[in-house]
Amino acid sequence: MAVVLAVTVLLFFLVVLVFLREAKEKAGLQAQLQTTIKEKYRLSRTFDAVFHSIHAYVLLVDRDMQVYQTNYYERIGRASETSAGKKLGEVIGCVNCVEHGGFCGSTPACKNCAVRRLVTQSFLQRKGFPDQEIDLVLVPHDGKYQLIHALIAGSYVDVDGMDNMVITVHDITELTHSRFQAEKMQRVVSFISSVSKVGFAALDLMTDDEIITPEYCVNLGESASAKAIQIFHSFRYLYPDDREQVIDFMQRAEKGRVEPLLSDVRVQTGDAAAGTFKWVRLFMIQREFPTNNASNEIYSLTIDVSSTKQLEQELIVEREKAMAADKAKSLFLANMSHEIRTPLNAITGFSELLSSAKSPEEIALYQQVLKTNVNMLMQLVNDILDMSKIEAGTLDFNYTDVDVRTLMDDMSAVFRLRMSEEGSAAQLIYEPMEEPCTLHIDRTRVGQVISNFLSNAVKFTDQGSITIGYKPCADGIYFYVSDTGSGIPKDKQENVFQRFARIQTGKQGNGLGLSISKTIIEKMGGRIGFESEQGKGSTFWFVLPKSTIVGVPIAMSTILVAEDMEDNYHLCEVILEKKFRLLWAHDGAEAVKLFYEQHPDLILMDLKMPVMDGYAATNAIRKESATVPIIALTAFAFAEDKQRVLGSGFTDYLTKPIRTKELLNVINKYL
């Protein structure tokens with residue numbers, strides 16, 4: 001009995017313990033359940049808050065694309081509608097569902113649906129997928145088709161053992177359009193910049209965001225790939241004076257509002273020591289100074305204006321020349337009254353005296369005065385007419401084949417008679433060329449130039465000599481008139497060929513002759529010039545080009561042979577005299593003298609000569625001409641001799657004894 005009672009009591013306590021344990025566990029489970037419920041409630045509230053606040057379509061779907069929860073209808077303003085029983089394509093209005101009247105996933109087109117393919121693959125892999133840009137054609141409830149560019153992402157979630165996917169759909173159509181427009185605008189800006197060479201750059205000083213074209217970089221001396229932030233804070237290739245104002249603009253722009261900057265700056269090109277630069281027009285403007293630290297954008301344009309600057313300088317020079325010419329023309333016109341009245345007064349006065357003259361001597365004197373003044377007046381009228389034709393571009397030329405010897409004979413005869421009639425104490429020396437020469441030129445115009453040269457020589461040479469002549473030269477026929485007259489002061493030589501230039505105010509003349517002569521010769525393809533020394537005289541010359549020569553009546557190429565041995569020169573003479581005009585210099589000093597006087601086309605230079613050897617003579621000639629071919633004639637044939645020769649200014653060399661074929665080959669090589 002006692003045993004039974006003990007067992008009963010023990011069982012009772014066991015039951016009580018089990019009950020208490022179960023009660024405790026139940027209380028724990030209930031507390032855990034409450035916590036879980038609260039957590040789920042919090043998560044649900046959070047999820048709902050996200051749904052309501054996110055600026056994107058959010059859809060919770062299962063493997064069958066069934067939508068359990070979404071904010072789509074709320075986002076499009078139809079919050080009363082529900083997604084119950086609808087799949088993804090049916091909710092958002094997929095065109096495949098609408099046009100085929102079916103359900104999402106049931107139409108043939110659904111097999112190619114990019115969204116379905118992404119979601120299905122993610123469920124199989126039990127993971128989400130990152131942002132994908134996809135074009136969608138939707139037909140919302142208003143029935144209007146819409147093409148949107150969407151950014152779609154998916155996050156895989158396991159809810160109570162069920163596979164689910166949270167899909168977000170961002171409509172980035174406007175953003176994409178804006179981005180496209182921005183890229184298009186940047187392409188347009190780049191195109192305009194490349195065509196116009198106008199560089200553009202923009203830099204936000206707050207965010208360092210920038211836009212820059214290659215032309216902007218190149219204009220400022222940088223590489224085409226340079227960054228705006230690097231350039232805007234250095235402008236390292238600007239000249240220091242110009243750089244200072246640009247850096248000052250940037251520093252003030254970082255602190256506050258700054259006025260636009262427009263300046264022509266110098267940009268260094270090449271080595272800084274060389275001092276070379278180009279001109280660039282730089283414009284900088286601050287869009288607006290930020291008050292909320294949002295942005296501080298600086299816009300800038302550059303354009304290379306070097307050619308404009310050069311043109312401006314040329315225009316300034318031309319303007320000064322035009323003003324000087326206008327002033328000279330005004331002075332000329334003011335003096336025309338005097339210039340015209342002088343011969344007219346003489347003509348009028350002596351015409352009256354001629355009618356009452358009685359003695360033959362008196363009549364002859366009056367006739368000579370009349371003739372002189374009539375010629376003076378005719379020359380003045382002709383010069384004015386020629387000047388007018390030159391300005392109008394109508395100066396005419398009548399080209400014919402002209403025998404130069406006959407032309408020069410006539411000119412010398414006319415002026416010899418004139419000098420005799422005027423009682424000039426100067427002697428006229430005529431130096432004709434021995435070989436016949438015919439040129440295809442305008443005889444009258446060339447005669448006009450020679451006449452002008454001779455008239456000036458007679459005018460300024462009271463005694464001594466005047467020499468007229470012509471001879472072949474390297475690039476044509478060289479005509480010259482030399483005198484031993486007063487010469488031209490250095491300060492007036494620069495303007496000798498300018499219109500209305502007067503060398504001496506006490507001499508007759510209108511200052512047009514040499515200007516007209518220069519135009520005539522240049523129109524015929526030639527060149528004109530002079531050398532003069534005050535108190536010693538002047539030489540005026542012009543060269544008519546080889547193209548005016550009719551046939552090849554003379555050996556146009558002149559060869560100077562510098563050789564002290566007579567036999568060696570005669571050998572060269574026998575080989576060359578039928579093809580070339582030869583000059584003989586007996587030593588190096590004479591070779592240098594003949595070079596300056598005759599300007600030969602090629603020089604054969606012996607190395608060992610008295611007075612001055614071939615090396616010294618070549619060195620002296622090279623100071624005047626770096627191009628005339630100089631062929632060394634040497635008895636040495638070693639390699640070191642050749643190196644010394646070619647390193648001393650010679651063009652080539654020949655070893656003695658001279659062979660005809662080798663000599664002709666080397667001459668033909670350079671002529």
# chains A, B, ... in the order shown; residues from 1 in each chain; ligands from 1
>>> residues_around(residues="Pro629 in chain A", least_positions_apart="6", cutoff="7 Å", atoms="only C-alpha atoms", output="PyMOL selection string")
chain A and resi 602-603+651+670
>>> write_last_selection(atoms="all heavy atoms", output="compact mmCIF listing (two decimals), in the first residue's frame")
# COMPACT_ATOMS: atom_id res chain seq x y z
N LEU A 602 78.88 78.14 -112.98
CA LEU A 602 79.65 77.03 -112.40
C LEU A 602 81.11 77.46 -112.35
O LEU A 602 81.57 78.24 -113.19
CB LEU A 602 79.46 75.76 -113.22
CG LEU A 602 80.13 74.48 -112.72
CD1 LEU A 602 79.22 73.27 -112.95
CD2 LEU A 602 81.46 74.25 -113.45
N ILE A 603 81.84 76.93 -111.37
CA ILE A 603 83.26 77.28 -111.20
C ILE A 603 84.10 76.00 -111.17
O ILE A 603 83.79 75.06 -110.42
CB ILE A 603 83.48 78.07 -109.90
CG1 ILE A 603 82.63 79.35 -109.91
CG2 ILE A 603 84.96 78.42 -109.73
CD1 ILE A 603 82.66 80.11 -108.59
N THR A 651 81.38 71.59 -104.20
CA THR A 651 80.22 70.78 -104.56
C THR A 651 80.63 69.39 -105.01
O THR A 651 79.96 68.40 -104.71
CB THR A 651 79.42 71.46 -105.68
OG1 THR A 651 79.16 72.81 -105.33
CG2 THR A 651 78.09 70.74 -105.92
N TYR A 670 75.40 69.44 -112.92
CA TYR A 670 75.03 70.62 -112.13
C TYR A 670 74.47 71.78 -112.96
O TYR A 670 74.03 72.78 -112.42
CB TYR A 670 76.23 71.10 -111.32
CG TYR A 670 76.70 70.08 -110.31
CD1 TYR A 670 77.85 69.32 -110.54
CD2 TYR A 670 75.97 69.84 -109.16
CE1 TYR A 670 78.28 68.37 -109.63
CE2 TYR A 670 76.40 68.89 -108.24
CZ TYR A 670 77.55 68.15 -108.48
OH TYR A 670 77.96 67.21 -107.57
>>> residues_around(residues="Glu259 in chain A", least_positions_apart="4", cutoff="10 Å", atoms="only C-alpha atoms", output="MDAnalysis selection string")
chainID A and resid 249 252:253 284:286
>>> write_last_selection(atoms="N, CA, C and O atoms", output="tab-separated table (two decimals), in the first residue's frame")
chain	number	residue	atom	x	y	z
A	249	PHE	N	41.49	85.41	-63.29
A	249	PHE	CA	40.07	85.15	-63.55
A	249	PHE	C	39.62	83.87	-62.83
A	249	PHE	O	38.57	83.84	-62.18
A	252	ARG	N	39.45	84.29	-58.98
A	252	ARG	CA	38.29	85.08	-58.56
A	252	ARG	C	36.99	84.31	-58.79
A	252	ARG	O	36.03	84.46	-58.03
A	253	ALA	N	36.96	83.45	-59.82
A	253	ALA	CA	35.76	82.67	-60.11
A	253	ALA	C	35.50	81.64	-59.01
A	253	ALA	O	34.35	81.26	-58.76
A	284	MET	N	36.28	83.46	-71.66
A	284	MET	CA	35.91	82.69	-70.49
A	284	MET	C	34.76	83.39	-69.78
A	284	MET	O	34.76	84.62	-69.64
A	285	ILE	N	33.78	82.60	-69.35
A	285	ILE	CA	32.61	83.17	-68.68
A	285	ILE	C	32.14	82.21	-67.60
A	285	ILE	O	32.18	80.98	-67.76
A	286	GLN	N	31.73	82.78	-66.49
A	286	GLN	CA	31.18	82.00	-65.39
A	286	GLN	C	29.66	81.96	-65.58
A	286	GLN	O	29.01	83.00	-65.71
>>> residues_around(residues="range 107-110 of chain A", least_positions_apart="3", cutoff="12 Å", atoms="only C-alpha atoms", output="NGL selection string")
:A and (88-90 or 94-104 or 113-117)
>>> residues_around(residues="Trp279 in chain A", least_positions_apart="3", cutoff="12 Å", atoms="only C-alpha atoms", output="ChimeraX atom specification")
/A:219-221,237-239,242,263-269,276,282,302-310
>>> select_by_dssp(residues="range 43-231 of chain A", states="alpha helix (DSSP H)", output="VMD selection string")
chain A and resid 43 to 53 72 to 75 88 to 92 95 to 100 114 to 125 173 to 196 214 to 219 228 to 231
>>> atom_distance(atom1="CA of Thr348 in chain A", atom2="CA of Gln367 in chain A")
12.1 Å
>>> atom_distance(atom1="CA of Leu138 in chain A", atom2="CA of Lys111 in chain A")
17.0 Å
>>> select_by_dssp(residues="range 549-623 of chain A", states="strand (DSSP E)", output="VMD selection string")
chain A and resid 558 to 562 581 to 585 602 to 606
>>> closest_residue(among="A:Ile340, A:Leu370, A:Leu203, A:Val218", to="Leu353 in chain A", atoms="only C-alpha atoms")
A:Leu370
>>> residues_around(residues="Arg416 in chain A", least_positions_apart="4", cutoff="10 Å", atoms="only C-alpha atoms", output="mmCIF file with N, CA, C and O atoms, in the first residue's frame")
data_model
loop_
_atom_site.group_PDB
_atom_site.id
_atom_site.type_symbol
_atom_site.label_atom_id
_atom_site.label_comp_id
_atom_site.auth_asym_id
_atom_site.auth_seq_id
_atom_site.Cartn_x
_atom_site.Cartn_y
_atom_site.Cartn_z
ATOM 1 N N ASP A 410 70.664 101.756 -131.005
ATOM 2 C CA ASP A 410 69.790 102.917 -131.166
ATOM 3 C C ASP A 410 69.766 103.763 -129.896
ATOM 4 O O ASP A 410 69.827 105.000 -129.951
ATOM 5 N N MET A 411 69.643 103.111 -128.754
ATOM 6 C CA MET A 411 69.560 103.840 -127.489
ATOM 7 C C MET A 411 70.844 104.614 -127.224
ATOM 8 O O MET A 411 70.817 105.786 -126.802
ATOM 9 N N SER A 412 71.988 103.987 -127.447
ATOM 10 C CA SER A 412 73.261 104.673 -127.201
ATOM 11 C C SER A 412 73.445 105.840 -128.161
ATOM 12 O O SER A 412 73.954 106.905 -127.778
ATOM 13 N N SER A 420 75.492 115.356 -126.367
ATOM 14 C CA SER A 420 76.285 116.313 -127.131
ATOM 15 C C SER A 420 75.538 117.628 -127.282
ATOM 16 O O SER A 420 76.120 118.713 -127.131
ATOM 17 N N GLU A 421 74.223 117.543 -127.544
ATOM 18 C CA GLU A 421 73.424 118.747 -127.706
ATOM 19 C C GLU A 421 73.326 119.540 -126.408
ATOM 20 O O GLU A 421 73.272 120.778 -126.414
ATOM 21 N N GLU A 422 73.287 118.812 -125.279
ATOM 22 C CA GLU A 422 73.174 119.477 -123.987
ATOM 23 C C GLU A 422 74.518 119.938 -123.451
ATOM 24 O O GLU A 422 74.587 120.583 -122.387
ATOM 25 N N SER A 424 76.986 118.018 -122.339
ATOM 26 C CA SER A 424 77.411 117.251 -121.171
ATOM 27 C C SER A 424 78.892 116.930 -121.247
ATOM 28 O O SER A 424 79.420 116.569 -122.311
ATOM 29 N N ALA A 426 80.179 114.503 -119.572
ATOM 30 C CA ALA A 426 80.331 113.068 -119.315
ATOM 31 C C ALA A 426 80.494 112.309 -120.628
ATOM 32 O O ALA A 426 80.025 112.737 -121.689
ATOM 33 N N GLN A 427 81.160 111.172 -120.544
ATOM 34 C CA GLN A 427 81.402 110.326 -121.702
ATOM 35 C C GLN A 427 80.461 109.119 -121.667
ATOM 36 O O GLN A 427 80.308 108.488 -120.629
ATOM 37 N N LEU A 428 79.849 108.802 -122.813
ATOM 38 C CA LEU A 428 78.957 107.642 -122.897
ATOM 39 C C LEU A 428 79.749 106.457 -123.439
ATOM 40 O O LEU A 428 80.299 106.511 -124.551
ATOM 41 N N ILE A 429 79.820 105.389 -122.676
ATOM 42 C CA ILE A 429 80.546 104.174 -123.060
ATOM 43 C C ILE A 429 79.522 103.073 -123.334
ATOM 44 O O ILE A 429 78.653 102.790 -122.508
ATOM 45 N N TYR A 430 79.644 102.459 -124.506
ATOM 46 C CA TYR A 430 78.713 101.394 -124.901
ATOM 47 C C TYR A 430 79.455 100.072 -124.934
ATOM 48 O O TYR A 430 80.494 99.949 -125.596
#
>>> residues_around(residues="Ile167 in chain A", least_positions_apart="5", cutoff="10 Å", atoms="only C-alpha atoms", output="VMD selection string")
chain A and resid 56 to 61 70 88 115 119 128 to 129 152 to 156
>>> atom_distance(atom1="CA of Leu646 in chain A", atom2="CA of Ile667 in chain A")
16.5 Å
>>> residues_around(residues="range 563-567 of chain A", least_positions_apart="2", cutoff="10 Å", atoms="only C-alpha atoms", output="JSON, numbers by chain")
{"A": [560, 561, 569, 570, 571, 572, 573, 584, 585, 586, 587, 588, 591, 604, 605, 606, 607, 608, 609, 610, 614, 633]}
